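Content type PDB, C-alpha atoms and all ligand atoms, from the file model.pdb:
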```pdb
ATOM      1  CA  MET A 264      21.241   8.740   1.006  1.00  0.00           C
ATOM      2  CA  ARG A 265      19.279   5.773  -0.306  1.00  0.00           C
ATOM      3  CA  ILE A 266      15.702   5.536  -1.539  1.00  0.00           C
ATOM      4  CA  GLY A 267      13.639   2.363  -1.097  1.00  0.00           C
ATOM      5  CA  GLU A 268      10.394   1.180  -2.657  1.00  0.00           C
ATOM      6  CA  GLY A 269       8.010  -1.379  -1.181  1.00  0.00           C
ATOM      7  CA  TYR A 270       4.759  -3.006  -2.249  1.00  0.00           C
ATOM      8  CA  ASP A 271       2.437  -5.602  -0.756  1.00  0.00           C
ATOM      9  CA  VAL A 272      -1.048  -6.986  -1.318  1.00  0.00           C
ATOM     10  CA  HIS A 273      -3.166  -9.333   0.811  1.00  0.00           C
ATOM     11  CA  ARG A 274      -6.545 -10.883   0.095  1.00  0.00           C
ATOM     12  CA  LEU A 275      -9.516  -9.713   2.225  1.00  0.00           C
ATOM     13  CA  VAL A 276     -11.492 -12.617   3.667  1.00  0.00           C
ATOM     14  CA  GLU A 277     -14.087 -13.299   6.333  1.00  0.00           C
ATOM     15  CA  GLY A 278     -12.975 -14.641   9.703  1.00  0.00           C
ATOM     16  CA  ARG A 279      -9.701 -12.713   9.922  1.00  0.00           C
ATOM     17  CA  ARG A 280      -8.801  -9.514  11.789  1.00  0.00           C
ATOM     18  CA  LEU A 281      -7.838  -6.418   9.819  1.00  0.00           C
ATOM     19  CA  ILE A 282      -4.498  -5.112  11.127  1.00  0.00           C
ATOM     20  CA  LEU A 283      -2.884  -2.095   9.480  1.00  0.00           C
ATOM     21  CA  GLY A 284       0.316  -0.629  10.897  1.00  0.00           C
ATOM     22  CA  GLY A 285      -0.234  -2.583  14.103  1.00  0.00           C
ATOM     23  CA  VAL A 286      -3.746  -1.154  14.601  1.00  0.00           C
ATOM     24  CA  GLU A 287      -6.824  -3.389  14.527  1.00  0.00           C
ATOM     25  CA  ILE A 288      -9.470  -1.758  12.319  1.00  0.00           C
ATOM     26  CA  PRO A 289     -13.106  -2.772  12.893  1.00  0.00           C
ATOM     27  CA  PHE A 290     -14.354  -4.381   9.646  1.00  0.00           C
ATOM     28  CA  GLU A 291     -16.335  -7.452   8.581  1.00  0.00           C
ATOM     29  CA  LYS A 292     -13.270  -8.909   6.840  1.00  0.00           C
ATOM     30  CA  GLY A 293      -9.550  -9.160   7.488  1.00  0.00           C
ATOM     31  CA  LEU A 294      -6.362  -9.845   5.575  1.00  0.00           C
ATOM     32  CA  LEU A 295      -5.333 -13.399   4.771  1.00  0.00           C
ATOM     33  CA  GLY A 296      -1.753 -14.448   5.271  1.00  0.00           C
ATOM     34  CA  HIS A 297       0.732 -16.777   6.920  1.00  0.00           C
ATOM     35  CA  SER A 298       1.600 -13.982   9.393  1.00  0.00           C
ATOM     36  CA  ASP A 299      -0.826 -11.411  10.843  1.00  0.00           C
ATOM     37  CA  ALA A 300      -0.952 -10.109   7.225  1.00  0.00           C
ATOM     38  CA  ASP A 301      -0.221  -6.500   8.205  1.00  0.00           C
ATOM     39  CA  VAL A 302       0.096  -5.374   4.596  1.00  0.00           C
ATOM     40  CA  LEU A 303       1.180  -1.858   5.608  1.00  0.00           C
ATOM     41  CA  VAL A 304       4.074  -3.021   7.789  1.00  0.00           C
ATOM     42  CA  HIS A 305       5.094  -5.561   5.146  1.00  0.00           C
ATOM     43  CA  ALA A 306       5.312  -2.881   2.430  1.00  0.00           C
ATOM     44  CA  ILE A 307       7.339  -0.621   4.734  1.00  0.00           C
ATOM     45  CA  ILE A 308       9.698  -3.513   5.531  1.00  0.00           C
ATOM     46  CA  ASP A 309      10.267  -4.164   1.822  1.00  0.00           C
ATOM     47  CA  SER A 310      11.051  -0.488   1.240  1.00  0.00           C
ATOM     48  CA  LEU A 311      13.601  -0.500   4.098  1.00  0.00           C
ATOM     49  CA  LEU A 312      15.261  -3.704   2.869  1.00  0.00           C
ATOM     50  CA  GLY A 313      15.131  -2.363  -0.693  1.00  0.00           C
ATOM     51  CA  ALA A 314      16.872   0.875   0.262  1.00  0.00           C
ATOM     52  CA  CYS A 315      19.770  -1.176   1.671  1.00  0.00           C
ATOM     53  CA  ALA A 316      19.697  -3.717  -1.211  1.00  0.00           C
ATOM     54  CA  PHE A 317      19.139  -6.405   1.440  1.00  0.00           C
ATOM     55  CA  GLY A 318      16.645  -8.496  -0.534  1.00  0.00           C
ATOM     56  CA  ASP A 319      13.012  -8.648   0.518  1.00  0.00           C
ATOM     57  CA  ILE A 320      10.734  -9.789   3.325  1.00  0.00           C
ATOM     58  CA  GLY A 321      10.422 -13.281   1.818  1.00  0.00           C
ATOM     59  CA  THR A 322      14.190 -13.879   1.699  1.00  0.00           C
ATOM     60  CA  HIS A 323      14.530 -13.039   5.400  1.00  0.00           C
ATOM     61  CA  PHE A 324      11.240 -14.527   6.669  1.00  0.00           C
ATOM     62  CA  PRO A 325      10.087 -17.303   4.279  1.00  0.00           C
ATOM     63  CA  ASP A 326       6.353 -18.008   4.571  1.00  0.00           C
ATOM     64  CA  THR A 327       7.164 -21.733   4.392  1.00  0.00           C
ATOM     65  CA  ASP A 328       8.993 -21.427   7.748  1.00  0.00           C
ATOM     66  CA  MET A 329       6.671 -22.375  10.626  1.00  0.00           C
ATOM     67  CA  GLN A 330       8.467 -20.025  13.027  1.00  0.00           C
ATOM     68  CA  TYR A 331       6.872 -17.080  11.191  1.00  0.00           C
ATOM     69  CA  LYS A 332       3.312 -18.435  11.297  1.00  0.00           C
ATOM     70  CA  GLY A 333       1.040 -15.763  12.771  1.00  0.00           C
ATOM     71  CA  ILE A 334       4.024 -13.478  13.486  1.00  0.00           C
ATOM     72  CA  SER A 335       3.033  -9.850  13.968  1.00  0.00           C
ATOM     73  CA  GLY A 336       4.152  -7.069  11.674  1.00  0.00           C
ATOM     74  CA  GLU A 337       5.727  -5.459  14.726  1.00  0.00           C
ATOM     75  CA  ALA A 338       7.883  -8.512  15.486  1.00  0.00           C
ATOM     76  CA  LEU A 339       9.056  -8.654  11.855  1.00  0.00           C
ATOM     77  CA  MET A 340       9.763  -4.911  11.907  1.00  0.00           C
ATOM     78  CA  LYS A 341      11.944  -5.238  15.032  1.00  0.00           C
ATOM     79  CA  ARG A 342      14.102  -7.804  13.243  1.00  0.00           C
ATOM     80  CA  VAL A 343      14.349  -5.628  10.142  1.00  0.00           C
ATOM     81  CA  LEU A 344      15.354  -2.554  12.165  1.00  0.00           C
ATOM     82  CA  GLU A 345      18.192  -4.672  13.577  1.00  0.00           C
ATOM     83  CA  LEU A 346      19.250  -5.682  10.036  1.00  0.00           C
ATOM     84  CA  ILE A 347      19.334  -2.075   8.802  1.00  0.00           C
ATOM     85  CA  LYS A 348      20.784  -0.531  11.961  1.00  0.00           C
ATOM     86  CA  ASP A 349      23.690   1.055  10.045  1.00  0.00           C
ATOM     87  CA  TYR A 350      21.107   3.326   8.405  1.00  0.00           C
ATOM     88  CA  GLU A 351      19.015   6.133   9.840  1.00  0.00           C
ATOM     89  CA  ILE A 352      15.426   6.390   8.572  1.00  0.00           C
ATOM     90  CA  LEU A 353      14.677   9.931   7.361  1.00  0.00           C
ATOM     91  CA  ASN A 354      11.086   9.481   6.220  1.00  0.00           C
ATOM     92  CA  ILE A 355       8.535   6.972   5.001  1.00  0.00           C
ATOM     93  CA  ASP A 356       5.572   7.682   2.732  1.00  0.00           C
ATOM     94  CA  THR A 357       2.837   5.113   2.147  1.00  0.00           C
ATOM     95  CA  THR A 358      -0.410   4.755   0.196  1.00  0.00           C
ATOM     96  CA  VAL A 359      -3.010   2.203   1.309  1.00  0.00           C
ATOM     97  CA  ILE A 360      -5.415   1.285  -1.510  1.00  0.00           C
ATOM     98  CA  ALA A 361      -8.629  -0.023   0.058  1.00  0.00           C
ATOM     99  CA  GLN A 362     -12.134   0.281  -1.355  1.00  0.00           C
ATOM    100  CA  ALA A 363     -13.364  -0.216   2.237  1.00  0.00           C
ATOM    101  CA  PRO A 364     -13.286   0.354   5.150  1.00  0.00           C
ATOM    102  CA  LYS A 365     -12.909   4.111   5.358  1.00  0.00           C
ATOM    103  CA  LEU A 366      -9.493   4.608   6.921  1.00  0.00           C
ATOM    104  CA  SER A 367      -9.376   8.357   7.534  1.00  0.00           C
ATOM    105  CA  PRO A 368     -10.684   7.984  11.137  1.00  0.00           C
ATOM    106  CA  TYR A 369      -7.732   5.675  11.927  1.00  0.00           C
ATOM    107  CA  ILE A 370      -4.850   7.370  10.104  1.00  0.00           C
ATOM    108  CA  ALA A 371      -3.567   9.276  13.159  1.00  0.00           C
ATOM    109  CA  GLN A 372      -3.639   6.110  15.275  1.00  0.00           C
ATOM    110  CA  ILE A 373      -1.858   4.109  12.562  1.00  0.00           C
ATOM    111  CA  ARG A 374       0.880   6.763  12.199  1.00  0.00           C
ATOM    112  CA  ASN A 375       1.365   6.804  15.974  1.00  0.00           C
ATOM    113  CA  SER A 376       1.550   3.033  16.098  1.00  0.00           C
ATOM    114  CA  LEU A 377       4.169   2.934  13.316  1.00  0.00           C
ATOM    115  CA  ALA A 378       6.180   5.748  14.935  1.00  0.00           C
ATOM    116  CA  ASN A 379       6.218   3.779  18.211  1.00  0.00           C
ATOM    117  CA  MET A 380       7.096   0.521  16.485  1.00  0.00           C
ATOM    118  CA  MET A 381      10.000   2.129  14.625  1.00  0.00           C
ATOM    119  CA  SER A 382      11.111   4.668  17.276  1.00  0.00           C
ATOM    120  CA  LEU A 383      10.490   7.551  14.865  1.00  0.00           C
ATOM    121  CA  ASP A 384       8.659  10.863  15.151  1.00  0.00           C
ATOM    122  CA  VAL A 385       5.157  10.741  13.750  1.00  0.00           C
ATOM    123  CA  GLY A 386       6.191  13.505  11.323  1.00  0.00           C
ATOM    124  CA  GLN A 387       8.574  11.044   9.653  1.00  0.00           C
ATOM    125  CA  ILE A 388       5.724   8.697   8.729  1.00  0.00           C
ATOM    126  CA  SER A 389       3.006   9.435   6.204  1.00  0.00           C
ATOM    127  CA  VAL A 390       0.010   7.161   5.656  1.00  0.00           C
ATOM    128  CA  LYS A 391      -2.452   8.014   2.896  1.00  0.00           C
ATOM    129  CA  ALA A 392      -5.603   6.122   1.931  1.00  0.00           C
ATOM    130  CA  LYS A 393      -7.195   5.769  -1.504  1.00  0.00           C
ATOM    131  CA  THR A 394     -10.081   3.784  -2.889  1.00  0.00           C
ATOM    132  CA  ALA A 395      -9.625   2.025  -6.235  1.00  0.00           C
ATOM    133  CA  GLU A 396     -12.668   3.839  -7.661  1.00  0.00           C
ATOM    134  CA  LYS A 397     -14.431   0.425  -7.673  1.00  0.00           C
ATOM    135  CA  LEU A 398     -12.056  -0.786 -10.412  1.00  0.00           C
ATOM    136  CA  GLY A 399     -10.574  -4.276 -10.547  1.00  0.00           C
ATOM    137  CA  TYR A 400      -9.843  -6.613  -7.629  1.00  0.00           C
ATOM    138  CA  LEU A 401      -9.104  -3.753  -5.228  1.00  0.00           C
ATOM    139  CA  GLY A 402     -12.262  -1.954  -6.271  1.00  0.00           C
ATOM    140  CA  ARG A 403     -14.323  -5.105  -5.669  1.00  0.00           C
ATOM    141  CA  GLY A 404     -12.899  -5.214  -2.128  1.00  0.00           C
ATOM    142  CA  GLU A 405     -11.065  -8.500  -2.705  1.00  0.00           C
ATOM    143  CA  ALA A 406      -7.751  -7.204  -1.365  1.00  0.00           C
ATOM    144  CA  ILE A 407      -5.880  -4.302   0.182  1.00  0.00           C
ATOM    145  CA  GLU A 408      -2.683  -3.077  -1.442  1.00  0.00           C
ATOM    146  CA  VAL A 409       0.053  -0.797  -0.080  1.00  0.00           C
ATOM    147  CA  ARG A 410       2.807   1.146  -1.812  1.00  0.00           C
ATOM    148  CA  CYS A 411       5.648   2.711   0.120  1.00  0.00           C
ATOM    149  CA  VAL A 412       8.822   4.720  -0.366  1.00  0.00           C
ATOM    150  CA  CYS A 413      11.458   5.529   2.223  1.00  0.00           C
ATOM    151  CA  LEU A 414      14.651   7.535   2.445  1.00  0.00           C
ATOM    152  CA  LEU A 415      17.587   6.321   4.540  1.00  0.00           C
ATOM    153  CA  LYS A 416      20.963   7.824   5.443  1.00  0.00           C
ATOM    154  CA  LYS A 417      24.088   5.862   6.387  1.00  0.00           C
ATOM    155  CA  ARG A 418      24.921   6.498  10.061  1.00  0.00           C
TER     156      ARG A 418
HETATM  157  O1  LIG B 501     -10.553  11.651  -4.653  1.00  0.00           O
HETATM  158  P1  LIG B 501      -9.632  10.572  -5.090  1.00  0.00           P
HETATM  159  O2  LIG B 501     -10.158   9.719  -6.169  1.00  0.00           O
HETATM  160  O3  LIG B 501      -8.220  11.017  -5.290  1.00  0.00           O
HETATM  161  O4  LIG B 501      -9.509   9.636  -3.801  1.00  0.00           O
HETATM  162  P2  LIG B 501     -10.520   8.524  -3.264  1.00  0.00           P
HETATM  163  O5  LIG B 501      -9.918   7.209  -3.516  1.00  0.00           O
HETATM  164  O6  LIG B 501     -11.902   8.776  -3.730  1.00  0.00           O
HETATM  165  O7  LIG B 501     -10.445   8.828  -1.710  1.00  0.00           O
HETATM  166  C1  LIG B 501     -10.874  10.075  -1.227  1.00  0.00           C
HETATM  167  C2  LIG B 501     -10.414  10.234   0.206  1.00  0.00           C
HETATM  168  O8  LIG B 501     -11.071   9.282   1.040  1.00  0.00           O
HETATM  169  C3  LIG B 501      -8.928   9.986   0.402  1.00  0.00           C
HETATM  170  O9  LIG B 501      -8.195  11.147   0.226  1.00  0.00           O
HETATM  171  C4  LIG B 501      -8.846   9.465   1.821  1.00  0.00           C
HETATM  172  O10 LIG B 501      -8.648  10.525   2.717  1.00  0.00           O
HETATM  173  C5  LIG B 501     -10.208   8.846   2.068  1.00  0.00           C
HETATM  174  N1  LIG B 501     -10.177   7.371   2.092  1.00  0.00           N
HETATM  175  C6  LIG B 501     -10.327   6.735   3.287  1.00  0.00           C
HETATM  176  O11 LIG B 501     -10.454   7.361   4.323  1.00  0.00           O
HETATM  177  N2  LIG B 501     -10.316   5.364   3.346  1.00  0.00           N
HETATM  178  C7  LIG B 501     -10.174   4.631   2.234  1.00  0.00           C
HETATM  179  N3  LIG B 501     -10.183   3.285   2.338  1.00  0.00           N
HETATM  180  C8  LIG B 501     -10.021   5.268   1.005  1.00  0.00           C
HETATM  181  C9  LIG B 501     -10.040   6.651   0.953  1.00  0.00           C
HETATM  182 ZN    ZN B 502       2.426  -9.198   3.397  1.00  0.00          ZN
END
```
Taking this structure as input, can you express it in the form of structure tokens?
Ligand code: CDP
Ligand code: ZN
Amino acid sequence: MRIGEGYDVHRLVEGRRLILGGVEIPFEKGLLGHSDADVLVHAIIDSLLGACAFGDIGTHFPDTDMQYKGISGEALMKRVLELIKDYEILNIDTTVIAQAPKLSPYIAQIRNSLANMMSLDVGQISVKAKTAEKLGYLGRGEAIEVRCVCLLKKR
């Protein structure tokens, strides 16, 4: 079995949609990025690649490459699942650090969306939300950060 760790952060700005785990969350700001900036999917992808020692999201999908401009987290995830197809995903555990918006009303929908995207049972995917207790750049609502671990088994 192999453990993987993933991390991502994106800046929160006006005029962008907020997409987490493939779910659009109503909020006055959204995440800035070359892609759809789905910080949750990006952190999960890095944990999956990390578990296999396959590099990271940037080595496979450079943000300087125009073909990935605006690409959805789901489309990136499909490619990553193909890369790691020799491994079975046992479980994924994530923490989303966001001062706002309140995510608890959307957690079930986000877990379902990720389960669908990855062809997993919802019980294999955990999504937890924390504020940053108003501390630092996360606490000032300047960004949303995600940490993730996963466990994989060779097929
Ligand atoms: O109580 P503690 O300091 O550990 O956590 P918190 O950051 O104050 O968050 C309390 C609870 O609010 C969390 O357990 C989440 O269920 C929820 N939460 C949320 O729904 N959306 C966020 N953006 C942050 C926290
Ligand atoms: Zn990202």
Contacts with ligand ZN 502 (chain B) at most 10 Å, only C-alpha atoms and all ligand atoms counted, listed as a list in words: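 Going residue by residue within 10 Å of ligand ZN 502 (chain B), we get Tyr270, Asp271, Val272, His273, Arg274, Leu294, Leu295, Gly296, His297, Ser298, Asp299, Ala300, Asp301, Val302, Leu303, Val304, His305, Ala306, Ile307, Ile308, Asp309, Ile320, Gly321, Asp326, Gly336, Glu408 and Val409 of chain A.
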Give the residues close to ligand LIG 501 (chain B), within 12 Å, counting all atoms listed in the file; write them as a VMD selection string. chain A and resid 283 288 290 358 to 371 390 to 398 401 to 402 404 406 to 409
Of the candidates A:Gly278, A:Gly284, A:Gly269, A:Pro325, which shows the shortest atom-to-atom distance to A:Met340, using all atoms listed in the file?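 Checking each candidate against A:Met340, we get A:Gly284 as the closest.
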Answer key for the PyMOL selection byres (((chain A and resi 268) around 8) and not hetatm), residues as a PDB file with C-alpha atoms, in the coordinates of the input:
```pdb
ATOM      1  CA  ILE A 266      15.702   5.536  -1.539  1.00  0.00           C
ATOM      2  CA  GLY A 267      13.639   2.363  -1.097  1.00  0.00           C
ATOM      3  CA  GLY A 269       8.010  -1.379  -1.181  1.00  0.00           C
ATOM      4  CA  TYR A 270       4.759  -3.006  -2.249  1.00  0.00           C
ATOM      5  CA  ASP A 309      10.267  -4.164   1.822  1.00  0.00           C
ATOM      6  CA  SER A 310      11.051  -0.488   1.240  1.00  0.00           C
ATOM      7  CA  LEU A 311      13.601  -0.500   4.098  1.00  0.00           C
ATOM      8  CA  GLY A 313      15.131  -2.363  -0.693  1.00  0.00           C
ATOM      9  CA  ALA A 314      16.872   0.875   0.262  1.00  0.00           C
ATOM     10  CA  ARG A 410       2.807   1.146  -1.812  1.00  0.00           C
ATOM     11  CA  CYS A 411       5.648   2.711   0.120  1.00  0.00           C
ATOM     12  CA  VAL A 412       8.822   4.720  -0.366  1.00  0.00           C
ATOM     13  CA  CYS A 413      11.458   5.529   2.223  1.00  0.00           C
TER      14      CYS A 413
END
```
Given the PyMOL selection byres (((chain A and resi 349-353) around 7) and not hetatm) and the file above, list the residues it selects as an MDAnalysis selection string. chainID A and resid 347:348 354 387 414:418
Applying the PyMOL selection byres (((chain A and resi 280) around 6) and not hetatm) to the file I just gave you, which residues come out? Please list them as a ChimeraX atom specification. /A:279,281,293
Just the number, please: distance in Å from atom CA of A:Thr322 to atom CA of A:Met381, one decimal.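 According to the coordinates, atom CA of A:Thr322 and atom CA of A:Met381 are separated by 21.0 Å.
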Kindly indicate which residue among A:Asn379, A:Gly386, A:Gly399, A:Asp328 lies nearest to A:Gly285, using only C-alpha atoms for the distances. A:Asn379
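Coordinates place atom CA of A:Ser335 at a distance of 14.9 Å from atom CA of A:Ile373.
Compared by their closest atoms to A:Glu277, and using all atoms listed in the file, the residues A:Asp384, A:Asp319, A:Glu345, A:Glu405 rank with A:Glu405 nearest.
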Given all atoms listed in the file as the counted atoms, nearest of A:Leu344, A:Val286, A:Leu339, A:Ala316 to A:Arg265: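 Checking each of A:Leu344, A:Val286, A:Leu339, A:Ala316 against A:Arg265, counting all atoms listed in the file, the winner is A:Ala316.
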Measuring atom to atom with only C-alpha atoms, identify which of A:Ile334, A:Cys315, A:Ser376, A:Thr327 is nearest to A:Leu346. A:Cys315
Report, in Å to a single decimal, how far apart atom CA of A:Ile388 and atom CA of A:Met264 are.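 Atom CA of A:Ile388 lies at a distance of 17.3 Å from atom CA of A:Met264.
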